[in-house]
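Structure file input39.cif (mmCIF, C-alpha atoms) is printed below.
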data_structure
loop_
_atom_site.group_PDB
_atom_site.id
_atom_site.type_symbol
_atom_site.label_atom_id
_atom_site.label_comp_id
_atom_site.auth_asym_id
_atom_site.auth_seq_id
_atom_site.Cartn_x
_atom_site.Cartn_y
_atom_site.Cartn_z
ATOM 1 C CA MET A 1 22.334 23.222 27.157
ATOM 2 C CA SER A 2 19.149 24.407 28.698
ATOM 3 C CA LYS A 3 19.545 27.889 27.242
ATOM 4 C CA ASP A 4 16.998 29.063 24.721
ATOM 5 C CA ILE A 5 17.943 29.273 21.053
ATOM 6 C CA ALA A 6 18.189 33.086 20.970
ATOM 7 C CA THR A 7 20.759 33.107 23.777
ATOM 8 C CA ARG A 8 22.795 30.336 22.144
ATOM 9 C CA VAL A 9 22.788 32.106 18.768
ATOM 10 C CA THR A 10 23.786 35.434 20.316
ATOM 11 C CA THR A 11 26.585 33.756 22.253
ATOM 12 C CA GLY A 12 27.784 31.994 19.096
ATOM 13 C CA VAL A 13 27.845 35.193 17.051
ATOM 14 C CA GLN A 14 29.731 37.011 19.795
ATOM 15 C CA ALA A 15 32.236 34.153 20.013
ATOM 16 C CA LEU A 16 32.782 34.203 16.251
ATOM 17 C CA ALA A 17 33.436 37.951 16.337
ATOM 18 C CA LEU A 18 36.302 37.640 18.829
ATOM 19 C CA PRO A 19 39.416 35.890 17.469
ATOM 20 C CA GLY A 20 40.401 34.522 20.902
ATOM 21 C CA GLN A 21 37.027 32.909 21.550
ATOM 22 C CA ARG A 22 36.498 31.688 17.993
ATOM 23 C CA GLU A 23 38.731 28.625 18.386
ATOM 24 C CA GLY A 24 37.125 27.718 21.714
ATOM 25 C CA TRP A 25 33.622 27.952 20.269
ATOM 26 C CA GLN A 26 34.679 25.873 17.282
ATOM 27 C CA ALA A 27 36.297 23.182 19.429
ATOM 28 C CA GLN A 28 33.340 23.021 21.826
ATOM 29 C CA HIS A 29 30.655 22.656 19.174
ATOM 30 C CA ARG A 30 32.682 20.411 16.913
ATOM 31 C CA GLY A 31 33.489 18.170 19.881
ATOM 32 C CA SER A 32 29.877 17.908 20.972
ATOM 33 C CA LEU A 33 28.762 17.012 17.444
ATOM 34 C CA LEU A 34 31.451 14.348 17.084
ATOM 35 C CA THR A 35 30.544 12.924 20.507
ATOM 36 C CA ASP A 36 26.915 12.710 19.410
ATOM 37 C CA ALA A 37 27.989 10.942 16.203
ATOM 38 C CA GLN A 38 29.987 8.382 18.214
ATOM 39 C CA THR A 39 27.019 7.854 20.515
ATOM 40 C CA TYR A 40 24.693 7.227 17.569
ATOM 41 C CA ASP A 41 27.197 4.796 16.039
ATOM 42 C CA ALA A 42 27.530 2.887 19.325
ATOM 43 C CA LEU A 43 23.750 2.755 19.718
ATOM 44 C CA ALA A 44 23.387 1.540 16.125
ATOM 45 C CA ASP A 45 25.987 -1.192 16.741
ATOM 46 C CA ALA A 46 24.150 -2.376 19.876
ATOM 47 C CA VAL A 47 20.728 -2.386 18.202
ATOM 48 C CA GLN A 48 22.098 -4.151 15.140
ATOM 49 C CA ALA A 49 23.753 -6.860 17.237
ATOM 50 C CA ASP A 50 20.533 -7.391 19.200
ATOM 51 C CA LEU A 51 18.379 -7.587 16.050
ATOM 52 C CA LYS A 52 20.820 -9.993 14.370
ATOM 53 C CA ALA A 53 20.456 -12.353 17.314
ATOM 54 C CA ARG A 54 16.661 -12.443 16.994
ATOM 55 C CA ARG A 55 15.671 -15.117 14.520
ATOM 56 C CA LEU A 56 12.142 -15.299 13.210
ATOM 57 C CA ASP A 57 10.309 -18.238 11.722
ATOM 58 C CA GLY A 58 10.819 -18.329 7.966
ATOM 59 C CA ASP A 59 14.235 -16.643 7.993
ATOM 60 C CA LEU A 60 16.842 -17.848 5.565
ATOM 61 C CA PRO A 61 19.602 -19.999 7.023
ATOM 62 C CA TRP A 62 22.863 -18.609 8.453
ATOM 63 C CA GLY A 63 21.136 -15.464 9.717
ATOM 64 C CA ILE A 64 21.042 -13.678 6.358
ATOM 65 C CA SER A 65 17.489 -12.386 6.819
ATOM 66 C CA ALA A 66 18.104 -11.253 10.396
ATOM 67 C CA ALA A 67 21.255 -9.364 9.383
ATOM 68 C CA ALA A 68 19.469 -7.623 6.500
ATOM 69 C CA ARG A 69 16.558 -6.724 8.749
ATOM 70 C CA ALA A 70 18.948 -5.369 11.400
ATOM 71 C CA ARG A 71 20.830 -3.211 8.870
ATOM 72 C CA LYS A 72 17.542 -1.793 7.638
ATOM 73 C CA ARG A 73 16.416 -0.878 11.162
ATOM 74 C CA VAL A 74 19.658 0.870 12.195
ATOM 75 C CA LYS A 75 20.046 2.870 8.974
ATOM 76 C CA PRO A 76 18.362 5.986 10.461
ATOM 77 C CA LEU A 77 20.850 5.930 13.356
ATOM 78 C CA ARG A 78 23.781 5.585 10.936
ATOM 79 C CA ASP A 79 22.383 8.450 8.875
ATOM 80 C CA ALA A 80 22.078 10.604 12.007
ATOM 81 C CA ALA A 81 25.710 9.860 12.918
ATOM 82 C CA LYS A 82 26.802 10.776 9.395
ATOM 83 C CA ALA A 83 24.813 14.021 9.597
ATOM 84 C CA MET A 84 26.522 14.884 12.891
ATOM 85 C CA ARG A 85 29.966 14.368 11.322
ATOM 86 C CA GLN A 86 28.958 16.567 8.373
ATOM 87 C CA ALA A 87 27.725 19.227 10.788
ATOM 88 C CA ALA A 88 31.106 19.133 12.553
ATOM 89 C CA LYS A 89 32.806 19.760 9.207
ATOM 90 C CA ALA A 90 30.371 22.603 8.559
ATOM 91 C CA ILE A 91 31.438 24.218 11.844
ATOM 92 C CA ASN A 92 35.003 24.361 10.512
ATOM 93 C CA GLY A 93 33.765 25.842 7.239
ATOM 94 C CA THR A 94 31.682 28.428 9.050
ATOM 95 C CA VAL A 95 34.617 29.602 11.124
ATOM 96 C CA ALA A 96 36.870 29.734 8.057
ATOM 97 C CA ALA A 97 34.252 31.704 6.099
ATOM 98 C CA TYR A 98 33.809 34.106 8.999
ATOM 99 C CA GLU A 99 37.571 34.677 9.172
ATOM 100 C CA GLU A 100 37.656 35.359 5.420
ATOM 101 C CA THR A 101 35.104 38.169 5.767
ATOM 102 C CA GLN A 102 37.001 40.137 8.398
ATOM 103 C CA PRO A 103 37.429 43.746 7.165
ATOM 104 C CA ASP A 104 41.232 43.725 7.352
ATOM 105 C CA VAL A 105 41.447 40.430 5.435
ATOM 106 C CA VAL A 106 39.064 41.692 2.748
ATOM 107 C CA LEU A 107 41.005 44.972 2.432
ATOM 108 C CA ARG A 108 44.348 43.150 2.122
ATOM 109 C CA ARG A 109 42.887 40.824 -0.526
ATOM 110 C CA ARG A 110 41.525 43.732 -2.545
ATOM 111 C CA GLU A 111 44.876 45.529 -2.419
ATOM 112 C CA ASP A 112 46.709 42.373 -3.521
ATOM 113 C CA LYS A 113 44.244 41.868 -6.367
ATOM 114 C CA ALA A 114 44.625 45.480 -7.544
ATOM 115 C CA LEU A 115 48.426 45.127 -7.427
ATOM 116 C CA ARG A 116 48.349 41.897 -9.455
ATOM 117 C CA LYS A 117 45.998 43.530 -11.968
ATOM 118 C CA ALA A 118 48.310 46.517 -12.389
ATOM 119 C CA GLN A 119 51.301 44.216 -12.869
ATOM 120 C CA ARG A 120 49.447 42.189 -15.508
ATOM 121 C CA LYS A 121 48.417 45.378 -17.328
ATOM 122 C CA GLN A 122 51.992 46.611 -17.304
ATOM 123 C CA GLN A 123 53.290 43.276 -18.611
ATOM 124 C CA LEU A 124 50.680 43.231 -21.366
ATOM 125 C CA GLY A 125 51.468 46.828 -22.322
ATOM 126 C CA THR A 126 55.182 46.074 -22.463
ATOM 127 C CA ALA A 127 54.570 42.954 -24.549
ATOM 128 C CA ALA A 128 52.286 44.866 -26.938
ATOM 129 C CA HIS A 129 54.835 47.682 -27.296
ATOM 130 C CA ASN A 130 57.654 45.205 -27.960
ATOM 131 C CA SER A 131 55.502 43.352 -30.471
ATOM 132 C CA ALA A 132 54.599 46.575 -32.277
ATOM 133 C CA GLN A 133 58.262 47.632 -32.407
ATOM 134 C CA ALA A 134 59.287 44.247 -33.804
ATOM 135 C CA THR A 135 56.585 44.474 -36.470
ATOM 136 C CA LEU A 136 57.656 47.994 -37.468
ATOM 137 C CA GLN A 137 61.280 46.899 -37.615
ATOM 138 C CA ARG A 138 60.347 43.997 -39.842
ATOM 139 C CA LEU A 139 58.166 46.081 -42.166
ATOM 140 C CA ALA A 140 60.281 49.202 -42.365
ATOM 141 C CA PRO A 141 63.757 48.724 -40.913
ATOM 142 C CA GLY A 142 65.492 51.914 -39.965
ATOM 143 C CA ASP A 143 68.692 52.943 -41.689
ATOM 144 C CA GLY A 144 70.081 54.095 -38.412
ATOM 145 C CA LYS A 145 71.251 57.495 -39.653
ATOM 146 C CA GLU A 146 68.250 58.805 -41.548
ATOM 147 C CA ALA A 147 65.084 57.670 -39.830
ATOM 148 C CA PRO A 148 64.147 55.431 -36.938
ATOM 149 C CA ALA A 149 62.371 52.143 -37.478
ATOM 150 C CA GLY A 150 58.809 52.519 -38.615
ATOM 151 C CA ALA A 151 59.248 55.980 -40.093
ATOM 152 C CA PRO A 152 57.325 56.398 -43.355
ATOM 153 C CA LYS A 153 59.411 55.988 -46.460
ATOM 154 C CA LEU A 154 58.936 56.710 -50.089
ATOM 155 C CA LEU A 155 59.046 53.955 -52.681
ATOM 156 C CA GLY A 156 62.263 55.361 -54.095
ATOM 157 C CA ASP A 157 63.974 54.936 -50.745
ATOM 158 C CA PHE A 158 63.899 51.191 -51.228
ATOM 159 C CA PHE A 159 65.748 51.335 -54.601
ATOM 160 C CA GLY A 160 68.570 53.598 -53.611
ATOM 161 C CA LYS A 161 69.652 56.866 -55.206
ATOM 162 C CA GLN A 162 69.333 56.681 -59.002
ATOM 163 C CA GLN A 163 69.868 59.395 -61.490
ATOM 164 C CA ARG A 164 67.362 60.000 -64.204
ATOM 165 C CA GLY A 165 68.194 60.094 -67.826
ATOM 166 C CA ALA A 166 71.756 59.041 -67.520
#
Final C-alpha coordinates representation of the file:
Amino acid sequence: MSKDIATRVTTGVQALALPGQREGWQAQHRGSLLTDAQTYDALADAVQADLKARRLDGDLPWGISAAARARKRVKPLRDAAKAMRQAAKAINGTVAAYEETQPDVVLRRREDKALRKAQRKQQLGTAAHNSAQATLQRLAPGDGKEAPAGAPKLLGDFFGKQQRGA
(Lines of atoms letter the chains of each structure in order from A and count residues from 1; the text may use other names and numbers.)
(Lines give C-alpha, C1' and ligand atoms only; values in the text may rest on other atoms or scores of the structure.)
Protein backbone atom coordinates (compact mmCIF):
# COMPACT_ATOMS: atom_id res chain seq x y z
CA MET A 1 0.00 0.00 0.00
CA SER A 2 2.40 2.62 -1.13
CA LYS A 3 -0.37 4.74 -2.64
CA ASP A 4 -1.04 8.13 -1.14
CA ILE A 5 -4.12 8.67 1.00
CA ALA A 6 -6.04 10.65 -1.64
CA THR A 7 -5.74 7.83 -4.17
CA ARG A 8 -6.79 5.21 -1.61
CA VAL A 9 -9.82 7.27 -0.53
CA THR A 10 -10.89 7.90 -4.12
CA THR A 11 -10.54 4.21 -4.93
CA GLY A 12 -12.55 3.28 -1.83
CA VAL A 13 -15.38 5.67 -2.67
CA GLN A 14 -15.52 4.40 -6.24
CA ALA A 15 -15.59 0.80 -4.99
CA LEU A 16 -18.43 1.58 -2.58
CA ALA A 17 -20.45 3.17 -5.39
CA LEU A 18 -20.38 0.02 -7.54
CA PRO A 19 -22.37 -2.92 -6.12
CA GLY A 20 -20.07 -5.52 -7.74
CA GLN A 21 -16.89 -4.04 -6.29
CA ARG A 22 -18.37 -3.22 -2.89
CA GLU A 23 -18.07 -6.78 -1.55
CA GLY A 24 -14.50 -7.09 -2.83
CA TRP A 25 -13.46 -3.83 -1.19
CA GLN A 26 -15.13 -4.88 2.05
CA ALA A 27 -13.47 -8.30 2.07
CA GLN A 28 -10.04 -6.88 1.23
CA HIS A 29 -10.02 -4.20 3.92
CA ARG A 30 -11.71 -6.31 6.54
CA GLY A 31 -9.23 -9.12 5.88
CA SER A 32 -6.22 -6.84 6.16
CA LEU A 33 -7.48 -5.39 9.44
CA LEU A 34 -8.13 -8.84 10.91
CA THR A 35 -4.68 -10.01 9.77
CA ASP A 36 -3.13 -7.02 11.51
CA ALA A 37 -5.10 -7.84 14.68
CA GLN A 38 -3.82 -11.43 14.61
CA THR A 39 -0.28 -10.17 14.09
CA TYR A 40 -0.54 -7.83 17.08
CA ASP A 41 -1.96 -10.64 19.23
CA ALA A 42 0.87 -12.99 18.23
CA LEU A 43 3.46 -10.30 18.93
CA ALA A 44 1.85 -9.58 22.31
CA ASP A 45 1.92 -13.30 23.18
CA ALA A 46 5.63 -13.54 22.28
CA VAL A 47 6.58 -10.41 24.23
CA GLN A 48 4.53 -11.50 27.22
CA ALA A 49 6.15 -14.94 27.28
CA ASP A 50 9.62 -13.39 27.06
CA LEU A 51 8.92 -10.87 29.84
CA LYS A 52 7.42 -13.57 32.09
CA ALA A 53 10.65 -15.54 31.80
CA ARG A 54 12.76 -12.58 32.96
CA ARG A 55 12.92 -12.56 36.73
CA LEU A 56 14.26 -9.56 38.57
CA ASP A 57 15.70 -9.34 42.05
CA GLY A 58 12.95 -8.62 44.56
CA ASP A 59 10.16 -10.29 42.58
CA LEU A 60 7.54 -12.21 44.47
CA PRO A 61 7.81 -15.99 44.32
CA TRP A 62 6.17 -18.14 41.63
CA GLY A 63 6.63 -15.44 38.98
CA ILE A 64 3.66 -13.32 40.06
CA SER A 65 5.51 -10.02 39.68
CA ALA A 66 7.00 -10.96 36.31
CA ALA A 67 3.59 -12.00 34.96
CA ALA A 68 1.97 -8.75 36.14
CA ARG A 69 4.80 -6.72 34.65
CA ALA A 70 4.50 -8.61 31.35
CA ARG A 71 0.73 -8.04 31.15
CA LYS A 72 1.25 -4.35 31.77
CA ARG A 73 3.84 -4.07 28.99
CA VAL A 74 1.79 -5.88 26.32
CA LYS A 75 -1.47 -4.05 27.05
CA PRO A 76 -0.88 -1.47 24.26
CA LEU A 77 -0.44 -4.31 21.75
CA ARG A 78 -3.64 -5.99 22.96
CA ASP A 79 -5.45 -2.67 22.71
CA ALA A 80 -4.17 -2.20 19.15
CA ALA A 81 -5.42 -5.68 18.20
CA LYS A 82 -8.81 -4.90 19.72
CA ALA A 83 -8.95 -1.61 17.79
CA MET A 84 -8.18 -3.46 14.55
CA ARG A 85 -11.06 -5.90 15.18
CA GLN A 86 -13.39 -2.97 15.90
CA ALA A 87 -12.25 -1.28 12.70
CA ALA A 88 -13.07 -4.47 10.77
CA LYS A 89 -16.59 -4.38 12.23
CA ALA A 90 -16.83 -0.71 11.27
CA ILE A 91 -16.03 -1.64 7.66
CA ASN A 92 -19.12 -3.87 7.64
CA GLY A 93 -21.20 -1.07 9.14
CA THR A 94 -19.92 1.42 6.59
CA VAL A 95 -20.84 -0.82 3.68
CA ALA A 96 -24.28 -1.51 5.16
CA ALA A 97 -24.89 2.21 5.75
CA TYR A 98 -23.79 3.00 2.20
CA GLU A 99 -26.19 0.39 0.82
CA GLU A 100 -29.03 1.88 2.89
CA THR A 101 -28.53 5.31 1.30
CA GLN A 102 -28.82 4.14 -2.30
CA PRO A 103 -31.52 6.23 -4.06
CA ASP A 104 -33.67 3.25 -5.06
CA VAL A 105 -33.58 1.83 -1.51
CA VAL A 106 -34.49 5.20 0.00
CA LEU A 107 -37.35 5.66 -2.51
CA ARG A 108 -38.74 2.17 -1.81
CA ARG A 109 -38.56 2.80 1.95
CA ARG A 110 -40.39 6.11 1.63
CA GLU A 111 -43.13 4.52 -0.48
CA ASP A 112 -43.53 1.68 2.04
CA LYS A 113 -43.71 4.17 4.90
CA ALA A 114 -46.34 6.28 3.12
CA LEU A 115 -48.39 3.14 2.40
CA ARG A 116 -48.22 2.01 6.04
CA LYS A 117 -49.21 5.51 7.17
CA ALA A 118 -52.22 5.55 4.85
CA GLN A 119 -53.30 2.12 6.08
CA ARG A 120 -53.01 3.22 9.72
CA LYS A 121 -55.03 6.37 8.99
CA GLN A 122 -57.72 4.32 7.29
CA GLN A 123 -57.86 1.85 10.19
CA LEU A 124 -58.09 4.68 12.71
CA GLY A 125 -60.82 6.40 10.69
CA THR A 126 -62.80 3.18 10.45
CA ALA A 127 -62.41 2.54 14.17
CA ALA A 128 -63.48 6.11 15.01
CA HIS A 129 -66.51 5.86 12.71
CA ASN A 130 -67.53 2.51 14.23
CA SER A 131 -67.06 3.90 17.73
CA ALA A 132 -69.16 6.97 16.94
CA GLN A 133 -71.92 4.80 15.45
CA ALA A 134 -71.94 2.54 18.51
CA THR A 135 -72.18 5.57 20.80
CA LEU A 136 -75.07 7.04 18.79
CA GLN A 137 -76.85 3.70 18.81
CA ARG A 138 -76.45 3.47 22.56
CA LEU A 139 -77.62 7.04 23.21
CA ALA A 140 -80.42 7.24 20.69
CA PRO A 141 -81.33 3.86 19.22
CA GLY A 142 -83.19 4.03 15.97
CA ASP A 143 -86.71 2.70 15.69
CA GLY A 144 -85.90 1.26 12.33
CA LYS A 145 -88.95 2.67 10.55
CA GLU A 146 -88.99 6.29 11.63
CA ALA A 147 -85.45 7.54 11.98
CA PRO A 148 -81.96 6.10 11.77
CA ALA A 149 -79.77 5.77 14.83
CA GLY A 150 -78.56 9.07 16.17
CA ALA A 151 -81.36 11.14 14.68
CA PRO A 152 -82.54 13.86 17.07
CA LYS A 153 -85.66 13.00 18.99
CA LEU A 154 -88.10 14.90 21.08
CA LEU A 155 -88.64 14.07 24.73
CA GLY A 156 -92.14 12.84 23.98
CA ASP A 157 -90.76 10.25 21.59
CA PHE A 158 -89.35 8.35 24.53
CA PHE A 159 -92.75 8.06 26.30
CA GLY A 160 -94.81 6.87 23.41
CA LYS A 161 -97.99 8.38 21.98
CA GLN A 162 -100.22 9.70 24.78
CA GLN A 163 -103.41 11.60 24.47
CA ARG A 164 -103.97 14.70 26.49
CA GLY A 165 -106.90 15.24 28.70
CA ALA A 166 -108.37 11.83 28.40
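Nearest residue to Glu23 of chain A, choosing from A:Asn92, A:Ser65, A:Gln48, A:Gln86 and counting all atoms listed in the file: A:Asn92.
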Ala70 of chain A environment, 8 Å, all atoms listed in the file, sequence neighbours closer than 6 positions dropped, as JSON, numbers by chain: {"A": [47, 48, 49, 51, 52]}
Dump as a PDB file, in the frame of the given file, selection limited to C-alpha atoms:
ATOM      1  CA  VAL A  47      20.728  -2.386  18.202  1.00  0.00           C
ATOM      2  CA  GLN A  48      22.098  -4.151  15.140  1.00  0.00           C
ATOM      3  CA  ALA A  49      23.753  -6.860  17.237  1.00  0.00           C
ATOM      4  CA  LEU A  51      18.379  -7.587  16.050  1.00  0.00           C
ATOM      5  CA  LYS A  52      20.820  -9.993  14.370  1.00  0.00           C
TER       6      LYS A  52
END
Set the distance at 9 Å and use only C-alpha atoms: which residues neighbour segment 35-44 of chain A once local chain neighbours fewer than 3 positions away are removed? I'd like the list as a tab-separated table (two decimals) with C-alpha atoms, keeping the file's coordinate frame.
chain	number	residue	atom	x	y	z
A	30	ARG	CA	32.68	20.41	16.91
A	31	GLY	CA	33.49	18.17	19.88
A	32	SER	CA	29.88	17.91	20.97
A	47	VAL	CA	20.73	-2.39	18.20
A	48	GLN	CA	22.10	-4.15	15.14
A	49	ALA	CA	23.75	-6.86	17.24
A	73	ARG	CA	16.42	-0.88	11.16
A	74	VAL	CA	19.66	0.87	12.20
A	75	LYS	CA	20.05	2.87	8.97
A	76	PRO	CA	18.36	5.99	10.46
A	77	LEU	CA	20.85	5.93	13.36
A	78	ARG	CA	23.78	5.58	10.94
A	80	ALA	CA	22.08	10.60	12.01
A	81	ALA	CA	25.71	9.86	12.92
A	82	LYS	CA	26.80	10.78	9.40
A	83	ALA	CA	24.81	14.02	9.60
A	84	MET	CA	26.52	14.88	12.89
A	85	ARG	CA	29.97	14.37	11.32
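The space separating atom CA of Thr11 of chain A from atom CA of Trp25 of chain A comes to 9.3 Å.
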Adding 3 Å on each side of the box along x, y and z that holds all listed atoms of segment 64-77 of chain A, could you give its centre and edge lengths in Å to one decimal, as JSON?
{"center_x": 18.8, "center_y": -3.8, "center_z": 9.9, "size_x": 10.8, "size_y": 25.7, "size_z": 13.0}
Residues matched by the PyMOL selection byres ((chain A and resi 94) around 12), written as a VMD selection string: chain A and resid 12 to 13 16 22 to 23 25 to 26 29 to 30 87 to 93 95 to 101
Go ahead and save the residues from that selection, with C-alpha atoms, as a CSV table (one decimal), in the coordinates of the input.
chain,number,residue,atom,x,y,z
A,12,GLY,CA,27.8,32.0,19.1
A,13,VAL,CA,27.8,35.2,17.1
A,16,LEU,CA,32.8,34.2,16.3
A,22,ARG,CA,36.5,31.7,18.0
A,23,GLU,CA,38.7,28.6,18.4
A,25,TRP,CA,33.6,28.0,20.3
A,26,GLN,CA,34.7,25.9,17.3
A,29,HIS,CA,30.7,22.7,19.2
A,30,ARG,CA,32.7,20.4,16.9
A,87,ALA,CA,27.7,19.2,10.8
A,88,ALA,CA,31.1,19.1,12.6
A,89,LYS,CA,32.8,19.8,9.2
A,90,ALA,CA,30.4,22.6,8.6
A,91,ILE,CA,31.4,24.2,11.8
A,92,ASN,CA,35.0,24.4,10.5
A,93,GLY,CA,33.8,25.8,7.2
A,95,VAL,CA,34.6,29.6,11.1
A,96,ALA,CA,36.9,29.7,8.1
A,97,ALA,CA,34.3,31.7,6.1
A,98,TYR,CA,33.8,34.1,9.0
A,99,GLU,CA,37.6,34.7,9.2
A,100,GLU,CA,37.7,35.4,5.4
A,101,THR,CA,35.1,38.2,5.8
Gap from atom CA of Gly20 of chain A to atom CA of Leu33 of chain A - Å, one decimal: 21.3 Å
Distance of atom CA of Lys117 of chain A from atom CA of Gln133 of chain A, expressed in Å to one decimal place: 24.2 Å
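If only C-alpha atoms are the atoms counted, then among A:Arg109, A:Pro19, A:Arg71, A:Leu124 the closest residue to Ala46 of chain A is A:Arg71.
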